[in-house]
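Read through the structure below, which is laid out as structure tokens, and then see the notes.
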Amino acid sequence: MGAQQSKASLETAMHEKAILDRLRTLTLDGNNVEDDFVHVDCEKRPFLSGSLTRQPEKLALKLTQDWQSKLLADPKNRLALSALSAANPREVLASRSTKIADQHVFNIRIPFEGGPITNQRASGRCWLFASTNVFRIAIMKKYNLDSFELSQAYLFYWDKLEKSNYFLENILDTASQPLDDRLVQRLLADPISDGGQWDMVYNLVEKYGLVPQALYPDSWNAMTSSTINYIIVAKLREYAVALRKLVNSSTTTTSSLAATKDKMLREIHLVLTLTLGPPPSTTDEFEWNFLDKDGRARTVISTSHRFAQDITSQEFRITNSAIASMVSLVHDPRHDPLTLMTVDRLGNVVGGRGITYINVEIDTLKRACVSMLKAGLPVFFGSDVGKFSERVSGIMDLDLIDYELGFNINLYGSLDKAARLRVGESAMTHAMVLTAVHVDGEGKPVRWRVQNSWGTDIGEKGWFVMSDRWLDEFVYQAVVDPRFLSKEVRDVLNKEPIVLPLWDPMGSLA
């Protein structure tokens with residue numbers, strides 16, 4: 001404690017000196033002393049940067065001219081100019097040897113990966129595609145199917161309506177705070193994005209069930225969601241202003257407020273129904289007719305809830321209850337391992353399950369994923385997919401793009417995974433599914449097989465390969481069965497969680 005106190009005293013003294021130095025730069029206009037105003041010379045005003053006092057520096061034109069002359073004097077830079085200005089630098093700097101090395105060869109692979117490769121198209125529904133790709137495996141085995149998809153649009157429809165209600169409730173709950181409050185502004189900035197998280201999928205399936213895609217296929221607006229998002233976001237922001245006024249009015253009653261909110265949600269419901277189509281009933285039975293892989297015509301009569309409970313495969317020990325018990329492991333090096341975390345006001349269903357993460361070391365996360373794959377279970381995971389990856393080849397590898405070769409820079413320099421999170425350079429942006437891993441002679445992962453949801457025209461017919469080093473740096477989440485975790489990790493669920501603010505990087509939605 002003594003060292004900390006000495007340090008604080010030194011910093012205080014330096015700060016006081018900086019203030020005095022700054023005050024000396026202030027000049028009083030002698031002709032207007034009676035006005036008692038301090039007149040500041042803006043050109044000479046210093047600003048404080050930590051313990052330093054310095055003047056802002058202009059970018060000197062001569063300096064930039066010198067830089068350019070020296071740069072172009074080097075023939076290697078002239079060659080780089082020709083190459084990098086004529087094409088996408090990521091393609092120019094892509095490593096051929098890395099592409100050759102990252103082969104789709106894996107020695108641990110789940111016996112049944114499911115199909116077909118799905119395509120979320122121009123929407124942000126990756127989390128719904130990844131989760132339903134995990135769910136479908138048991139259904140496909142049960143009904144002897146070669147190809148099958150659950151309806152992502154069905155969950156998308158209800159997610160939009162539930163998120164609208166969730167947003168309006170948050171607006172009502174924060175109505176006493178100023179409109180420019182950081183939390184209120186964060187809520188208004190992103191009322192109903194397409195993205196989501198595993199716990200949010202659970203909420204939707206628990207409340208609305210599942211249906212085959214054949215009964216509720218994608219509409220154009222499900223595949224290209226920007227227009228409906230534009231409409232709904234505009235209306236929700238309008239509603240937010242109106243609700244805040246009502247809450248802060250002395251004449252507003254609870255019943256009138258509820259009626260106003262109900263009218264708002266009916267309008268959102270109208271937009272969703274006319275653009276996505278009316279979804280199957282959540283209570284009535286549906287009839288699903290299909291051909292199994294032997295060509296036999298079959299019929300299933302069920303409800304959306306019974307069909308969700310039908311996720312059962314003894315062969316892979318996949319059941320709806322096992323899925324419900326799965327937990328999200330995250331690797332967030334800003335926080336201590338074995339920490340339980342949640343995110344304030346992040347969710348989709350009022351009264352539903354909140355977002356919960358168990359923070360672990362990256363090796364713990366990887367061991368759990370390998371155990372899942374050995375047991376024949378696919379793994380839902382979240383990552384920052386755009387970093388050091390290429391859509392065409394379907395490769396995610398730290399050695400894929402040689403930025404140092406082209407620009408003579410280390411792209412991240414001293415920024416490690418924690419620092420990238422802190423400064424906004426990285427976050428969870430995309431959800432996919434792990435179905436295989438290749439391990440070396442010591443059992444350590446080398447590369448992973450990834451089922452994406454961007455169609456078959458990219459990667460290896462829609463499949464990606466991810467190096468283990470890439471996973472270390474850019475994978476943040478994996479959803480696993482708790483039976484593959486140690487008691488020490490499972491017991492974290494009994495701890496009091498750290499509550500992260502809504503704008504935290506761990507609040508980003510895949």
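Chain labels follow the order of the structure tokens: the first chain is A, the next B, and so on; residue numbering restarts at 1 in every chain, and ligands are counted from 1 in their shown order.
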
Surrounding residues of A:Leu93 excluding itself and chain neighbours under 3 positions, 8 Å, only C-alpha atoms, as a PyMOL selection string: chain A and resi 89-90+401-403+405-406

So that I have them on file, write out the residues from the current selection with C-alpha atoms, as an mmCIF file, in the first residue's frame.
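The resulting file, out37.cif, is shown below:
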data_model
loop_
_atom_site.group_PDB
_atom_site.id
_atom_site.type_symbol
_atom_site.label_atom_id
_atom_site.label_comp_id
_atom_site.auth_asym_id
_atom_site.auth_seq_id
_atom_site.Cartn_x
_atom_site.Cartn_y
_atom_site.Cartn_z
ATOM 1 C CA PRO A 89 -4.581 -6.030 -51.121
ATOM 2 C CA ARG A 90 -5.932 -9.040 -49.239
ATOM 3 C CA ILE A 401 -2.505 -12.544 -45.475
ATOM 4 C CA ASP A 402 1.039 -11.191 -45.220
ATOM 5 C CA TYR A 403 0.467 -7.530 -44.402
ATOM 6 C CA LEU A 405 5.235 -8.163 -46.882
ATOM 7 C CA GLY A 406 3.048 -5.549 -48.545
#

Just the residues within 9 Å of stretch 144-149 of chain A, please, counting only C-alpha atoms, with nothing from its chain fewer than 6 positions along; format it as a PyMOL selection string. chain A and resi 114-116+118+132-133+136-137+212-214+291-294

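Taking only C-alpha atoms, the non-local environment of A:Pro279 within 9 Å (same-chain residues fewer than 6 positions away omitted) comprises Ala153, Tyr154, Tyr157, Trp158, Leu215, Tyr216 and Thr273 of chain A.
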
Which residue is closest to A:Lys461? Choose from A:His104, A:Arg54, A:His430, A:His438 and count only C-alpha atoms.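 Comparing A:His104, A:Arg54, A:His430, A:His438 against A:Lys461, the winner is A:His104.
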
Between A:Leu188, A:Ala510, A:Ile108, A:Ala94, which has the minimum distance to A:Val439 (counting only C-alpha atoms)?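 Closest to A:Val439, using only C-alpha atoms: A:Ile108.
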
Residues near A:Ser393, cut-off 8 Å, only C-alpha atoms, skip fewer than 4 positions along chain, as a PyMOL selection string: chain A and resi 99+458-460+464

If you run DSSP on the backbone here, which positions in stretch 45-174 of chain A get alpha helix (DSSP H)? Please write them as a VMD selection string. chain A and resid 61 to 73 75 to 84 89 to 92 96 to 101 126 to 142 152 to 173

Would you pick out the contacts of A:Asp194 at 9 Å or less, using only C-alpha atoms, so that residues sharing its chain but fewer than 4 positions from it are not included, and give the list as a JSON list (two decimals) with N, CA, C and O atoms, in the first residue's frame?
[["chain", "number", "residue", "atom", "x", "y", "z"],
["A", 123, "SER", "N", -28.49, -11.25, -44.88],
["A", 123, "SER", "CA", -29.11, -11.03, -43.58],
["A", 123, "SER", "C", -28.08, -11.36, -42.51],
["A", 123, "SER", "O", -27.06, -11.99, -42.78],
["A", 124, "GLY", "N", -28.36, -10.96, -41.28],
["A", 124, "GLY", "CA", -27.45, -11.22, -40.17],
["A", 124, "GLY", "C", -27.94, -12.35, -39.28],
["A", 124, "GLY", "O", -27.76, -12.31, -38.07],
["A", 125, "ARG", "N", -28.53, -13.38, -39.88],
["A", 125, "ARG", "CA", -29.18, -14.45, -39.12],
["A", 125, "ARG", "C", -28.25, -15.63, -38.82],
["A", 125, "ARG", "O", -28.73, -16.73, -38.54],
["A", 126, "CYS", "N", -26.93, -15.43, -38.86],
["A", 126, "CYS", "CA", -26.00, -16.55, -38.71],
["A", 126, "CYS", "C", -26.28, -17.38, -37.46],
["A", 126, "CYS", "O", -26.16, -18.60, -37.48],
["A", 156, "PHE", "N", -36.80, -16.14, -36.91],
["A", 156, "PHE", "CA", -36.49, -14.76, -37.25],
["A", 156, "PHE", "C", -37.71, -13.86, -37.05],
["A", 156, "PHE", "O", -37.62, -12.76, -36.49],
["A", 159, "ASP", "N", -38.36, -13.52, -33.35],
["A", 159, "ASP", "CA", -37.28, -12.75, -32.73],
["A", 159, "ASP", "C", -37.46, -11.26, -32.95],
["A", 159, "ASP", "O", -37.24, -10.45, -32.04],
["A", 160, "LYS", "N", -37.85, -10.88, -34.15],
["A", 160, "LYS", "CA", -38.07, -9.46, -34.45],
["A", 160, "LYS", "C", -39.19, -8.88, -33.58],
["A", 160, "LYS", "O", -39.07, -7.77, -33.04],
["A", 225, "SER", "N", -32.71, -8.51, -45.39],
["A", 225, "SER", "CA", -33.46, -7.95, -44.27],
["A", 225, "SER", "C", -33.32, -6.44, -44.10],
["A", 225, "SER", "O", -33.94, -5.87, -43.20],
["A", 229, "ASN", "N", -35.66, -3.95, -41.60],
["A", 229, "ASN", "CA", -34.94, -3.38, -40.47],
["A", 229, "ASN", "C", -35.05, -1.86, -40.47],
["A", 229, "ASN", "O", -35.25, -1.23, -39.44],
["A", 509, "LEU", "N", -23.62, -9.04, -30.90],
["A", 509, "LEU", "CA", -24.44, -10.18, -31.29],
["A", 509, "LEU", "C", -23.91, -10.79, -32.58],
["A", 509, "LEU", "O", -23.68, -10.09, -33.57],
["A", 510, "ALA", "N", -23.73, -12.09, -32.57],
["A", 510, "ALA", "CA", -23.22, -12.79, -33.76],
["A", 510, "ALA", "C", -24.28, -12.80, -34.85],
["A", 510, "ALA", "O", -25.46, -12.69, -34.59]]

Which residue, A:Ser164, A:Thr174, A:Ser281, A:Asn221, has the smallest gap to A:Arg266 when you use only C-alpha atoms? A:Ser164

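Of the listed residues A:Gly462, A:Gly507, A:Gly424, A:Pro482, the one whose atoms come nearest to A:Gly354 is A:Gly507, with distances taken using only C-alpha atoms.
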
Enumerate the residues of stretch 118-346 of chain A with a DSSP assignment of strand (DSSP E or B), computed from the backbone, and present them as a PyMOL selection string. chain A and resi 119+122+150+212+224+286-291+297-302+312-313+318-319+327-330+339-343

Since we have the selection now, will you write its residues out, keeping N, CA and C atoms, as a PDB file, in the first residue's frame?
ATOM      1  N   ASN A 119     -27.707 -21.086 -46.348  1.00  0.00           N
ATOM      2  CA  ASN A 119     -27.325 -19.770 -46.886  1.00  0.00           C
ATOM      3  C   ASN A 119     -28.208 -18.690 -46.265  1.00  0.00           C
ATOM      4  N   ALA A 122     -28.347 -12.147 -47.643  1.00  0.00           N
ATOM      5  CA  ALA A 122     -28.024 -10.782 -47.192  1.00  0.00           C
ATOM      6  C   ALA A 122     -28.771 -10.458 -45.903  1.00  0.00           C
ATOM      7  N   LEU A 150     -34.409 -26.760 -40.693  1.00  0.00           N
ATOM      8  CA  LEU A 150     -35.457 -26.157 -39.886  1.00  0.00           C
ATOM      9  C   LEU A 150     -35.693 -24.742 -40.385  1.00  0.00           C
ATOM     10  N   PRO A 212     -40.388 -27.279 -39.673  1.00  0.00           N
ATOM     11  CA  PRO A 212     -39.538 -27.518 -40.843  1.00  0.00           C
ATOM     12  C   PRO A 212     -39.549 -26.313 -41.788  1.00  0.00           C
ATOM     13  N   THR A 224     -33.115 -10.856 -47.447  1.00  0.00           N
ATOM     14  CA  THR A 224     -32.543  -9.512 -47.587  1.00  0.00           C
ATOM     15  C   THR A 224     -33.259  -8.611 -46.592  1.00  0.00           C
ATOM     16  N   PHE A 286     -49.558 -28.993 -37.378  1.00  0.00           N
ATOM     17  CA  PHE A 286     -49.180 -28.869 -38.785  1.00  0.00           C
ATOM     18  C   PHE A 286     -48.951 -30.268 -39.353  1.00  0.00           C
ATOM     19  N   GLU A 287     -48.994 -30.355 -40.664  1.00  0.00           N
ATOM     20  CA  GLU A 287     -48.720 -31.620 -41.361  1.00  0.00           C
ATOM     21  C   GLU A 287     -47.505 -31.438 -42.257  1.00  0.00           C
ATOM     22  N   TRP A 288     -46.496 -32.238 -42.023  1.00  0.00           N
ATOM     23  CA  TRP A 288     -45.249 -32.169 -42.794  1.00  0.00           C
ATOM     24  C   TRP A 288     -45.098 -33.451 -43.609  1.00  0.00           C
ATOM     25  N   ASN A 289     -45.117 -33.293 -44.920  1.00  0.00           N
ATOM     26  CA  ASN A 289     -44.958 -34.424 -45.837  1.00  0.00           C
ATOM     27  C   ASN A 289     -43.570 -34.376 -46.460  1.00  0.00           C
ATOM     28  N   PHE A 290     -42.874 -35.504 -46.535  1.00  0.00           N
ATOM     29  CA  PHE A 290     -41.512 -35.525 -47.059  1.00  0.00           C
ATOM     30  C   PHE A 290     -41.134 -36.918 -47.540  1.00  0.00           C
ATOM     31  N   LEU A 291     -40.041 -36.989 -48.294  1.00  0.00           N
ATOM     32  CA  LEU A 291     -39.461 -38.257 -48.711  1.00  0.00           C
ATOM     33  C   LEU A 291     -38.185 -38.488 -47.913  1.00  0.00           C
ATOM     34  N   ALA A 297     -42.337 -42.072 -48.899  1.00  0.00           N
ATOM     35  CA  ALA A 297     -43.156 -40.913 -48.505  1.00  0.00           C
ATOM     36  C   ALA A 297     -43.587 -41.064 -47.050  1.00  0.00           C
ATOM     37  N   ARG A 298     -43.417 -39.966 -46.300  1.00  0.00           N
ATOM     38  CA  ARG A 298     -43.753 -40.011 -44.885  1.00  0.00           C
ATOM     39  C   ARG A 298     -44.486 -38.736 -44.487  1.00  0.00           C
ATOM     40  N   THR A 299     -45.225 -38.820 -43.398  1.00  0.00           N
ATOM     41  CA  THR A 299     -45.996 -37.677 -42.899  1.00  0.00           C
ATOM     42  C   THR A 299     -45.796 -37.572 -41.393  1.00  0.00           C
ATOM     43  N   VAL A 300     -45.557 -36.361 -40.935  1.00  0.00           N
ATOM     44  CA  VAL A 300     -45.472 -36.082 -39.511  1.00  0.00           C
ATOM     45  C   VAL A 300     -46.525 -35.026 -39.173  1.00  0.00           C
ATOM     46  N   ILE A 301     -47.346 -35.319 -38.196  1.00  0.00           N
ATOM     47  CA  ILE A 301     -48.337 -34.358 -37.707  1.00  0.00           C
ATOM     48  C   ILE A 301     -47.917 -33.966 -36.297  1.00  0.00           C
ATOM     49  N   SER A 302     -47.732 -32.676 -36.091  1.00  0.00           N
ATOM     50  CA  SER A 302     -47.222 -32.222 -34.801  1.00  0.00           C
ATOM     51  C   SER A 302     -47.583 -30.758 -34.603  1.00  0.00           C
ATOM     52  N   THR A 312     -34.365 -35.644 -30.817  1.00  0.00           N
ATOM     53  CA  THR A 312     -33.889 -36.782 -30.038  1.00  0.00           C
ATOM     54  C   THR A 312     -33.116 -37.740 -30.931  1.00  0.00           C
ATOM     55  N   SER A 313     -31.931 -38.109 -30.488  1.00  0.00           N
ATOM     56  CA  SER A 313     -31.133 -39.113 -31.181  1.00  0.00           C
ATOM     57  C   SER A 313     -30.272 -39.818 -30.152  1.00  0.00           C
ATOM     58  N   ILE A 318     -28.230 -36.689 -28.418  1.00  0.00           N
ATOM     59  CA  ILE A 318     -28.753 -35.332 -28.578  1.00  0.00           C
ATOM     60  C   ILE A 318     -30.229 -35.348 -28.207  1.00  0.00           C
ATOM     61  N   THR A 319     -30.617 -34.573 -27.242  1.00  0.00           N
ATOM     62  CA  THR A 319     -32.014 -34.434 -26.870  1.00  0.00           C
ATOM     63  C   THR A 319     -32.313 -32.959 -26.654  1.00  0.00           C
ATOM     64  N   VAL A 327     -24.079 -24.798 -22.216  1.00  0.00           N
ATOM     65  CA  VAL A 327     -23.604 -23.529 -21.666  1.00  0.00           C
ATOM     66  C   VAL A 327     -22.641 -22.865 -22.636  1.00  0.00           C
ATOM     67  N   SER A 328     -22.565 -21.552 -22.532  1.00  0.00           N
ATOM     68  CA  SER A 328     -21.663 -20.765 -23.381  1.00  0.00           C
ATOM     69  C   SER A 328     -20.352 -20.523 -22.650  1.00  0.00           C
ATOM     70  N   LEU A 329     -19.294 -21.109 -23.179  1.00  0.00           N
ATOM     71  CA  LEU A 329     -17.956 -20.772 -22.714  1.00  0.00           C
ATOM     72  C   LEU A 329     -17.448 -19.605 -23.544  1.00  0.00           C
ATOM     73  N   VAL A 330     -16.775 -18.661 -22.926  1.00  0.00           N
ATOM     74  CA  VAL A 330     -16.147 -17.574 -23.674  1.00  0.00           C
ATOM     75  C   VAL A 330     -14.693 -17.443 -23.246  1.00  0.00           C
ATOM     76  N   THR A 339     -14.838 -16.955 -14.326  1.00  0.00           N
ATOM     77  CA  THR A 339     -15.724 -15.852 -13.964  1.00  0.00           C
ATOM     78  C   THR A 339     -17.045 -16.015 -14.709  1.00  0.00           C
ATOM     79  N   LEU A 340     -18.142 -15.823 -14.014  1.00  0.00           N
ATOM     80  CA  LEU A 340     -19.450 -15.828 -14.655  1.00  0.00           C
ATOM     81  C   LEU A 340     -19.779 -14.409 -15.098  1.00  0.00           C
ATOM     82  N   MET A 341     -20.235 -14.269 -16.337  1.00  0.00           N
ATOM     83  CA  MET A 341     -20.507 -12.931 -16.874  1.00  0.00           C
ATOM     84  C   MET A 341     -21.896 -12.890 -17.518  1.00  0.00           C
ATOM     85  N   THR A 342     -22.498 -11.735 -17.454  1.00  0.00           N
ATOM     86  CA  THR A 342     -23.729 -11.463 -18.178  1.00  0.00           C
ATOM     87  C   THR A 342     -23.642 -10.046 -18.717  1.00  0.00           C
ATOM     88  N   VAL A 343     -24.583  -9.682 -19.569  1.00  0.00           N
ATOM     89  CA  VAL A 343     -24.586  -8.357 -20.190  1.00  0.00           C
ATOM     90  C   VAL A 343     -25.910  -7.670 -19.869  1.00  0.00           C
TER      91      VAL A 343
END

For A:Arg353, list every protein, DNA or RNA residue within 8 Å, evaluated using only C-alpha atoms, and leave out those in the same chain fewer than 5 positions away; present the list as a PyMOL selection string. chain A and resi 199-200+202-203+347

Considering only C-alpha atoms, state which residue in the set A:Ala258, A:Val392, A:Leu265, A:Leu411 is at the smallest distance from A:Gly455.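 With only C-alpha atoms as the atom set, the closest residue is A:Val392.
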
Return the single residue from A:Thr456, A:Trp198, A:Leu168, A:Asp180 that is closest to A:Ala242, with distances computed using only C-alpha atoms.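 With only C-alpha atoms as the atom set, the closest residue is A:Leu168.
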